[in-house]
$ cat data11.cif   # mmCIF, C-alpha atoms
data_query
#
loop_
_atom_site.label_atom_id
_atom_site.label_comp_id
_atom_site.auth_asym_id
_atom_site.auth_seq_id
_atom_site.Cartn_x
_atom_site.Cartn_y
_atom_site.Cartn_z
CA MET Z 1 0.00 0.00 0.00
CA ILE Z 2 1.29 3.45 -0.92
CA LYS Z 3 1.54 5.76 2.04
CA LEU Z 4 -0.31 9.07 1.93
CA SER Z 5 2.91 10.90 2.66
CA ASN Z 6 4.49 9.37 -0.45
CA VAL Z 7 1.51 10.41 -2.56
CA ILE Z 8 1.78 13.97 -1.29
CA LEU Z 9 5.51 13.92 -2.01
CA LEU Z 10 4.94 12.70 -5.56
CA LEU Z 11 2.28 15.34 -6.15
CA GLY Z 12 4.63 17.99 -4.83
CA VAL Z 13 7.42 16.85 -7.12
CA GLY Z 14 5.04 16.85 -10.09
CA LEU Z 15 3.81 20.35 -9.27
CA PHE Z 16 7.37 21.59 -8.87
CA SER Z 17 8.28 20.13 -12.24
CA GLN Z 18 5.35 21.87 -13.91
CA ILE Z 19 6.36 25.18 -12.37
CA THR Z 20 10.01 24.88 -13.35
CA MET Z 21 9.07 23.68 -16.83
CA ALA Z 22 6.64 26.54 -17.51
CA THR Z 23 7.46 28.12 -20.86
CA THR Z 24 6.33 31.00 -23.01
CA ARG Z 25 6.65 31.77 -26.71
CA ALA Z 26 9.38 34.19 -27.70
CA THR Z 27 11.39 35.29 -30.70
CA VAL Z 28 15.11 34.85 -30.11
CA PHE Z 29 17.64 37.01 -31.92
CA TRP Z 30 21.40 36.42 -31.78
CA PHE Z 31 23.72 39.33 -32.56
CA ASP Z 32 27.46 39.83 -32.80
CA GLU Z 33 28.12 43.19 -31.15
CA LEU Z 34 31.26 45.25 -31.64
CA GLU Z 35 32.29 48.20 -29.51
CA ALA Z 36 35.35 50.34 -30.21
CA GLY Z 37 38.32 48.98 -28.29
CA VAL Z 38 36.47 45.90 -27.06
CA ASP Z 39 36.49 42.33 -28.39
CA PRO Z 40 33.29 41.28 -30.25
CA VAL Z 41 30.66 39.57 -28.10
CA GLN Z 42 27.65 37.44 -28.96
CA MET Z 43 24.41 38.60 -27.34
CA ARG Z 44 20.95 37.08 -27.14
CA TYR Z 45 17.77 39.15 -27.38
CA LEU Z 46 14.57 37.37 -26.32
CA VAL Z 47 11.28 39.09 -27.13
CA SER Z 48 7.95 37.93 -25.73
CA ALA Z 49 4.58 39.65 -25.99
CA ASN Z 50 5.56 42.33 -23.44
CA TYR Z 51 9.20 41.87 -22.55
CA LEU Z 52 12.70 42.09 -23.96
CA ARG Z 53 15.56 40.27 -22.25
CA ILE Z 54 19.19 40.86 -23.25
CA ASP Z 55 21.91 38.47 -22.08
CA ASN Z 56 24.86 36.44 -23.34
CA GLY Z 57 22.94 33.18 -23.51
CA ASP Z 58 23.83 32.07 -19.99
CA SER Z 59 20.69 32.09 -17.85
CA LYS Z 60 22.84 32.62 -14.72
CA ALA Z 61 24.69 35.67 -16.07
CA ASP Z 62 23.74 39.32 -15.54
CA PHE Z 63 20.97 40.51 -17.84
CA ILE Z 64 18.75 43.39 -18.88
CA LEU Z 65 14.97 43.06 -18.73
CA PHE Z 66 12.71 45.61 -20.41
CA ASP Z 67 9.01 45.86 -19.55
CA SER Z 68 7.49 47.31 -22.73
CA ASP Z 69 4.12 48.08 -21.10
CA LYS Z 70 5.66 50.06 -18.23
CA LYS Z 71 8.56 51.27 -20.41
CA MET Z 72 11.06 50.42 -17.68
CA ILE Z 73 14.53 48.89 -18.01
CA TYR Z 74 15.92 46.66 -15.27
CA SER Z 75 19.67 45.96 -15.30
CA VAL Z 76 20.31 42.95 -13.05
CA ASN Z 77 23.65 42.44 -11.30
CA HIS Z 78 23.86 39.06 -9.56
CA ALA Z 79 27.16 39.67 -7.78
CA ASP Z 80 25.81 42.75 -5.96
CA LYS Z 81 22.21 41.51 -5.93
CA THR Z 82 21.08 44.86 -7.28
CA ILE Z 83 18.77 46.05 -10.06
CA LEU Z 84 19.30 49.40 -11.77
CA VAL Z 85 15.94 50.81 -12.87
CA ILE Z 86 15.66 53.18 -15.84
CA ARG Z 87 12.30 54.86 -16.42
CA ASN Z 88 10.97 56.46 -19.60
CA SER Z 89 10.80 60.24 -19.17
CA ASN Z 90 8.49 60.80 -22.19
CA TRP Z 91 10.96 63.22 -23.71
CA LYS Z 92 10.41 65.23 -26.87
CA LYS Z 93 12.99 65.61 -29.62
CA PRO Z 94 14.46 69.14 -29.60
CA THR Z 95 14.81 71.51 -32.51
CA TYR Z 96 18.34 71.05 -33.79
CA ASP Z 97 20.59 73.83 -35.01
CA PHE Z 98 21.72 71.59 -37.87
CA SER Z 99 19.99 69.80 -40.73
CA THR Z 100 20.02 66.07 -41.38
CA ASP Z 101 19.86 63.99 -44.53
CA VAL Z 102 18.03 60.66 -44.37
CA VAL Z 103 18.22 58.18 -47.25
CA GLN Z 104 16.21 54.97 -47.38
CA ALA Z 105 16.46 52.69 -50.42
CA PRO Z 106 16.96 49.07 -51.52
CA LEU Z 107 20.63 48.08 -51.55
CA GLU Z 108 21.93 47.17 -54.99
CA GLY Z 109 23.08 43.57 -55.02
CA ALA Z 110 21.75 42.94 -51.50
CA PRO Z 111 20.48 39.43 -50.74
CA ILE Z 112 16.81 38.42 -50.70
CA ILE Z 113 15.82 37.23 -47.22
CA SER Z 114 12.38 35.75 -46.54
CA GLY Z 115 11.36 36.96 -49.99
CA LYS Z 116 12.34 40.57 -49.34
CA GLN Z 117 15.36 42.56 -50.46
CA VAL Z 118 17.54 44.08 -47.79
CA GLN Z 119 17.27 47.86 -47.70
CA GLY Z 120 19.43 50.64 -46.33
CA TYR Z 121 18.73 53.53 -43.98
CA LYS Z 122 21.43 56.18 -43.60
CA VAL Z 123 21.46 59.41 -41.61
CA THR Z 124 24.15 62.03 -42.29
CA VAL Z 125 24.95 65.54 -41.06
CA ASP Z 126 27.24 67.73 -43.16
CA GLY Z 127 28.57 64.68 -44.97
CA GLU Z 128 29.28 62.72 -41.77
CA VAL Z 129 27.41 59.42 -41.43
CA CYS Z 130 25.76 59.15 -38.02
CA THR Z 131 23.67 56.01 -38.45
CA ASN Z 132 23.76 53.29 -41.10
CA ILE Z 133 21.22 50.48 -40.90
CA GLN Z 134 20.52 47.54 -43.20
CA PHE Z 135 17.13 45.96 -42.63
CA ILE Z 136 14.53 43.54 -43.96
CA PRO Z 137 11.36 45.61 -44.49
CA GLY Z 138 8.23 44.74 -42.56
CA MET Z 139 9.61 41.77 -40.62
CA TYR Z 140 8.69 41.12 -36.97
CA GLN Z 141 6.76 44.36 -36.56
CA ASN Z 142 5.54 43.57 -33.03
CA GLU Z 143 9.02 42.62 -31.86
CA MET Z 144 10.54 45.67 -33.50
CA GLN Z 145 8.07 47.91 -31.65
CA ILE Z 146 9.41 46.51 -28.38
CA PHE Z 147 12.97 47.15 -29.60
CA LYS Z 148 11.95 50.73 -30.38
CA ASN Z 149 10.33 51.25 -26.97
CA TYR Z 150 13.52 49.95 -25.37
CA GLN Z 151 15.66 52.37 -27.38
CA ILE Z 152 13.43 55.31 -26.42
CA THR Z 153 13.66 54.38 -22.74
CA LEU Z 154 17.42 53.96 -23.03
CA SER Z 155 17.53 57.41 -24.59
CA SER Z 156 15.87 58.77 -21.47
CA GLN Z 157 18.96 57.81 -19.49
CA GLN Z 158 21.22 59.50 -22.03
CA ILE Z 159 19.20 62.71 -21.79
CA SER Z 160 19.42 62.70 -18.00
CA ASN Z 161 23.21 62.38 -18.28
CA LEU Z 162 23.55 65.07 -20.96
CA ALA Z 163 24.40 67.82 -18.49
CA ASN Z 164 27.38 65.77 -17.30
CA THR Z 165 28.65 65.16 -20.84
CA PRO Z 166 31.75 67.14 -21.88
CA GLU Z 167 30.89 69.85 -24.39
CA HIS Z 168 33.35 68.58 -27.00
CA MET Z 169 31.41 65.30 -27.17
CA LYS Z 170 28.07 66.96 -27.94
CA THR Z 171 28.43 66.69 -31.70
CA PRO Z 172 25.43 66.49 -34.07
CA CYS Z 173 25.96 62.73 -34.48
CA PHE Z 174 26.19 62.27 -30.71
CA LYS Z 175 22.87 64.05 -30.25
CA LEU Z 176 21.17 62.15 -33.08
CA ASP Z 177 22.61 58.69 -32.58
CA VAL Z 178 23.05 58.52 -28.81
CA VAL Z 179 21.09 61.08 -26.83
CA TYR Z 180 17.89 61.56 -28.83
CA ASN Z 181 17.89 58.24 -30.66
CA GLU Z 182 14.25 57.17 -30.78
CA GLY Z 183 14.94 54.05 -32.86
CA SER Z 184 12.78 55.19 -35.78
CA TYR Z 185 14.53 52.65 -38.02
CA TYR Z 186 12.70 49.87 -36.17
CA ASP Z 187 9.50 51.12 -37.80
CA LEU Z 188 10.96 50.05 -41.14
CA GLY Z 189 11.70 46.41 -40.37
CA MET Z 190 14.23 44.08 -38.77
CA PRO Z 191 17.83 45.34 -38.78
CA VAL Z 192 20.39 42.79 -39.93
CA HIS Z 193 23.33 45.17 -39.64
CA GLU Z 194 23.60 48.33 -37.57
CA TRP Z 195 26.49 50.80 -37.61
CA HIS Z 196 26.57 53.80 -35.31
CA ASN Z 197 28.94 56.75 -35.32
CA ARG Z 198 29.98 56.20 -31.70
CA GLY Z 199 31.94 53.10 -32.75
CA TYR Z 200 29.25 50.51 -32.13
CA ALA Z 201 28.04 47.90 -34.61
CA LYS Z 202 25.69 44.95 -34.44
CA TYR Z 203 25.24 42.03 -36.86
CA LEU Z 204 22.27 39.68 -36.83
CA LYS Z 205 23.45 36.06 -36.86
CA GLU Z 206 20.29 34.04 -36.21
CA TYR Z 207 16.63 34.47 -35.37
CA LYS Z 208 13.78 32.07 -34.63
CA ALA Z 209 10.60 31.67 -32.60
CA GLN Z 210 10.68 29.09 -29.84
CA ASN Z 211 9.43 28.23 -26.37
CA VAL Z 212 11.64 29.54 -23.56
CA PRO Z 213 11.35 29.30 -19.76
CA GLU Z 214 8.99 31.92 -18.33
CA VAL Z 215 11.46 32.60 -15.54
CA LEU Z 216 13.74 34.34 -18.07
CA PHE Z 217 11.29 37.24 -18.06
CA LYS Z 218 11.12 37.58 -14.28
CA LEU Z 219 13.28 39.62 -11.92
CA PRO Z 220 15.14 37.79 -9.13
CA ALA Z 221 13.51 38.10 -5.71
CA GLY Z 222 15.17 39.97 -2.88
CA TYR Z 223 17.44 42.17 -5.00
CA LYS Z 224 17.76 45.87 -4.10
CA GLN Z 225 16.36 48.17 -6.77
CA TYR Z 226 17.74 51.64 -7.35
CA SER Z 227 17.63 54.50 -9.81
CA VAL Z 228 20.15 57.34 -10.00
CA GLY Z 229 20.28 58.68 -6.46
CA VAL Z 230 17.32 56.51 -5.36
CA THR Z 231 17.39 53.13 -3.57
CA GLN Z 232 14.34 50.94 -2.96
#
$ encode --input "data11.cif" --output "structure tokens"
Amino acid sequence: MIKLSNVILLLGVGLFSQITMATTRATVFWFDELEAGVDPVQMRYLVSANYLRIDNGDSKADFILFDSDKKMIYSVNHADKTILVIRNSNWKKPTYDFSTDVVQAPLEGAPIISGKQVQGYKVTVDGEVCTNIQFIPGMYQNEMQIFKNYQITLSSQQISNLANTPEHMKTPCFKLDVVYNEGSYYDLGMPVHEWHNRGYAKYLKEYKAQNVPEVLFKLPAGYKQYSVGVTQ
């Protein structure tokens, strides 16, 4: 005869397995990212219906979680058990004292991906290229909207730090590509190659939809949250 305690134990184990095995559908993008003076790194971007998670593919490593509904970025540091919180300030783009030239067009000789030709999007100021994007038009529109919301929220942090930025760094490209970058290129489609004037580039290596653990889109419990000058 099976003891009641054993039945309860088995039920508990089964319930625990269901909880730990809970998954959600997400689109996973892998990028090679290059920063000036730093070795290239491979980064994973997971996009669910409401969240974006950025990590290096190791579920135990530090990560960034973006809540697209709340427009809040959480940067998780496991070693310190802290979470830096960045909030969207609903900023408005200023009137610049310079003019910009934006060119969007299919790239001659570019490959056809998913039945669509790769196109280019280039922003220049006085002959200097600030942003150069290659993208597949119309792909993953919902996911790209989350990418755009993340970029806008990230821009909020750059704006808050603008007063502390040395004057010689406040070039037209710096203002366009770093501080007031609202990610408008995400409205066009899925970038496969990004180049930015600040010395940053990103190359799309792989993308696919798959089931991933729900826990990847949750913040760790018990970590101290803080914003600039604020601790919670």
$ atom_distance --input "data11.cif" --atom1 "atom CA of Z:Cys130" --atom2 "atom CA of Z:Val102"
10.1 Å
$ closest_atom_pairs --input "data11.cif" --of "stretch 11-93 of chain Z" --to "stretch 212-225 of chain Z" --cutoff "6 Å" --atoms "all atoms listed in the file" --output "tab-separated table"
residue	atom	partner	partner_atom	distance
Z:Ala22	CA	Z:Pro213	CA	5.9
Z:Thr23	CA	Z:Pro213	CA	4.2
Z:Thr24	CA	Z:Glu214	CA	5.5
Z:Lys81	CA	Z:Tyr223	CA	4.9
Z:Thr82	CA	Z:Lys224	CA	4.7
Z:Ile83	CA	Z:Gln225	CA	4.6
Z:Leu84	CA	Z:Gln225	CA	5.9
$ closest_residue --input "data11.cif" --among "Z:Val85, Z:Leu204, Z:Ile112, Z:Ile64" --to "Z:Ile133" --atoms "all atoms listed in the file"
Z:Leu204
$ resolve_selection --input "data11.cif" --expression "the PyMOL selection byres ((chain Z and resi 190) around 9)" --output "VMD selection string"
chain Z and resid 134 to 141 143 to 144 185 to 189 191 to 192
$ write_last_selection --input "data11.cif" --atoms "C-alpha atoms" --output "compact mmCIF listing (two decimals), in the coordinates of the input"
# COMPACT_ATOMS: atom_id res chain seq x y z
CA GLN Z 134 20.52 47.54 -43.20
CA PHE Z 135 17.13 45.96 -42.63
CA ILE Z 136 14.53 43.54 -43.96
CA PRO Z 137 11.36 45.61 -44.49
CA GLY Z 138 8.23 44.74 -42.56
CA MET Z 139 9.61 41.77 -40.62
CA TYR Z 140 8.69 41.12 -36.97
CA GLN Z 141 6.76 44.36 -36.56
CA GLU Z 143 9.02 42.62 -31.86
CA MET Z 144 10.54 45.67 -33.50
CA TYR Z 185 14.53 52.65 -38.02
CA TYR Z 186 12.70 49.87 -36.17
CA ASP Z 187 9.50 51.12 -37.80
CA LEU Z 188 10.96 50.05 -41.14
CA GLY Z 189 11.70 46.41 -40.37
CA PRO Z 191 17.83 45.34 -38.78
CA VAL Z 192 20.39 42.79 -39.93
$ residues_around --input "data11.cif" --residues "Z:Gly127" --least-positions-apart "6" --cutoff "12 Å" --atoms "only C-alpha atoms" --output "PyMOL selection string"
chain Z and resi 99-102+172-173
$ resolve_selection --input "data11.cif" --expression "the PyMOL selection byres ((chain Z and resi 41) around 12)" --output "list in words"
Trp30, Phe31, Asp32, Glu33, Leu34, Glu35, Ala36, Val38, Asp39, Pro40, Gln42, Met43, Arg44, Asp55, Asn56, Gly57, Tyr200, Ala201, Lys202, Tyr203 and Lys205 of chain Z
$ resolve_selection --input "data11.cif" --expression "the PyMOL selection byres ((chain Z and resi 160) around 12)" --output "NGL selection string"
:Z and (86-91 or 153-159 or 161-165 or 179-180 or 227-228)
$ closest_residue --input "data11.cif" --among "Z:Tyr96, Z:Tyr226, Z:Phe29, Z:Tyr121" --to "Z:Val47" --atoms "only C-alpha atoms"
Z:Phe29
$ atom_distance --input "data11.cif" --atom1 "atom CA of Z:Asn149" --atom2 "atom CA of Z:Tyr51"
10.4 Å
$ closest_residue --input "data11.cif" --among "Z:Arg198, Z:Ile113, Z:Glu182, Z:Ala209" --to "Z:Tyr150" --atoms "all atoms listed in the file"
Z:Glu182
$ build_atoms --input "data11.cif" --residues "stretch 177-211 of chain Z" --atoms "N, CA and C atoms" --output "short mmCIF file (atom, residue, chain, number, x, y, z; two decimals), in the frame of the given file"
data_model
loop_
_atom_site.label_atom_id
_atom_site.label_comp_id
_atom_site.auth_asym_id
_atom_site.auth_seq_id
_atom_site.Cartn_x
_atom_site.Cartn_y
_atom_site.Cartn_z
N ASP Z 177 22.42 60.14 -32.63
CA ASP Z 177 22.61 58.69 -32.58
C ASP Z 177 22.68 58.12 -31.16
N VAL Z 178 22.92 58.99 -30.18
CA VAL Z 178 23.05 58.52 -28.81
C VAL Z 178 21.96 59.12 -27.91
N VAL Z 179 21.95 60.44 -27.82
CA VAL Z 179 21.09 61.08 -26.83
C VAL Z 179 19.62 61.01 -27.22
N TYR Z 180 19.29 61.50 -28.42
CA TYR Z 180 17.89 61.56 -28.83
C TYR Z 180 17.56 60.50 -29.88
N ASN Z 181 18.14 59.35 -29.72
CA ASN Z 181 17.89 58.24 -30.66
C ASN Z 181 16.59 57.55 -30.28
N GLU Z 182 15.55 57.77 -31.07
CA GLU Z 182 14.25 57.17 -30.78
C GLU Z 182 14.02 55.87 -31.54
N GLY Z 183 15.06 55.34 -32.19
CA GLY Z 183 14.94 54.05 -32.86
C GLY Z 183 13.91 54.03 -33.97
N SER Z 184 13.79 55.12 -34.72
CA SER Z 184 12.78 55.19 -35.78
C SER Z 184 13.01 54.14 -36.86
N TYR Z 185 14.24 53.66 -37.01
CA TYR Z 185 14.53 52.65 -38.02
C TYR Z 185 13.84 51.32 -37.74
N TYR Z 186 13.43 51.10 -36.48
CA TYR Z 186 12.70 49.87 -36.17
C TYR Z 186 11.30 49.87 -36.77
N ASP Z 187 10.80 51.05 -37.12
CA ASP Z 187 9.50 51.12 -37.80
C ASP Z 187 9.58 50.54 -39.21
N LEU Z 188 10.78 50.48 -39.76
CA LEU Z 188 10.96 50.05 -41.14
C LEU Z 188 11.02 48.53 -41.28
N GLY Z 189 11.55 47.86 -40.28
CA GLY Z 189 11.70 46.41 -40.37
C GLY Z 189 12.74 45.91 -39.40
N MET Z 190 13.27 44.72 -39.66
CA MET Z 190 14.23 44.08 -38.77
C MET Z 190 15.65 44.37 -39.21
N PRO Z 191 16.44 45.09 -38.41
CA PRO Z 191 17.83 45.34 -38.78
C PRO Z 191 18.66 44.05 -38.82
N VAL Z 192 19.47 43.92 -39.86
CA VAL Z 192 20.39 42.79 -39.93
C VAL Z 192 21.82 43.27 -39.73
N HIS Z 193 22.02 44.56 -39.89
CA HIS Z 193 23.33 45.17 -39.64
C HIS Z 193 23.12 46.61 -39.21
N GLU Z 194 23.67 46.96 -38.06
CA GLU Z 194 23.60 48.33 -37.57
C GLU Z 194 25.02 48.87 -37.41
N TRP Z 195 25.24 50.09 -37.86
CA TRP Z 195 26.49 50.80 -37.61
C TRP Z 195 26.15 52.17 -37.07
N HIS Z 196 26.82 52.52 -35.95
CA HIS Z 196 26.57 53.80 -35.31
C HIS Z 196 27.87 54.57 -35.15
N ASN Z 197 27.77 55.88 -35.28
CA ASN Z 197 28.94 56.75 -35.32
C ASN Z 197 29.80 56.64 -34.07
N ARG Z 198 29.23 56.27 -32.97
CA ARG Z 198 29.98 56.20 -31.70
C ARG Z 198 30.96 55.02 -31.65
N GLY Z 199 31.01 54.22 -32.72
CA GLY Z 199 31.94 53.10 -32.75
C GLY Z 199 31.31 51.79 -32.36
N TYR Z 200 29.99 51.72 -32.50
CA TYR Z 200 29.25 50.51 -32.13
C TYR Z 200 28.60 49.91 -33.37
N ALA Z 201 28.67 48.60 -33.48
CA ALA Z 201 28.04 47.90 -34.61
C ALA Z 201 27.41 46.60 -34.11
N LYS Z 202 26.40 46.16 -34.84
CA LYS Z 202 25.69 44.95 -34.44
C LYS Z 202 25.28 44.19 -35.70
N TYR Z 203 25.55 42.87 -35.71
CA TYR Z 203 25.24 42.03 -36.86
C TYR Z 203 24.31 40.91 -36.43
N LEU Z 204 23.20 40.76 -37.13
CA LEU Z 204 22.27 39.68 -36.83
C LEU Z 204 22.82 38.36 -37.36
N LYS Z 205 22.90 37.36 -36.47
CA LYS Z 205 23.45 36.06 -36.86
C LYS Z 205 22.37 35.00 -37.02
N GLU Z 206 21.33 35.08 -36.19
CA GLU Z 206 20.29 34.04 -36.21
C GLU Z 206 19.03 34.58 -35.56
N TYR Z 207 17.89 34.09 -36.00
CA TYR Z 207 16.63 34.47 -35.37
C TYR Z 207 15.61 33.36 -35.57
N LYS Z 208 14.81 33.10 -34.54
CA LYS Z 208 13.78 32.07 -34.63
C LYS Z 208 12.82 32.20 -33.46
N ALA Z 209 11.60 31.71 -33.66
CA ALA Z 209 10.60 31.67 -32.60
C ALA Z 209 10.68 30.32 -31.90
N GLN Z 210 10.60 30.33 -30.59
CA GLN Z 210 10.68 29.09 -29.84
C GLN Z 210 10.10 29.28 -28.45
N ASN Z 211 9.86 28.18 -27.75
CA ASN Z 211 9.43 28.23 -26.37
C ASN Z 211 10.64 28.39 -25.47
#
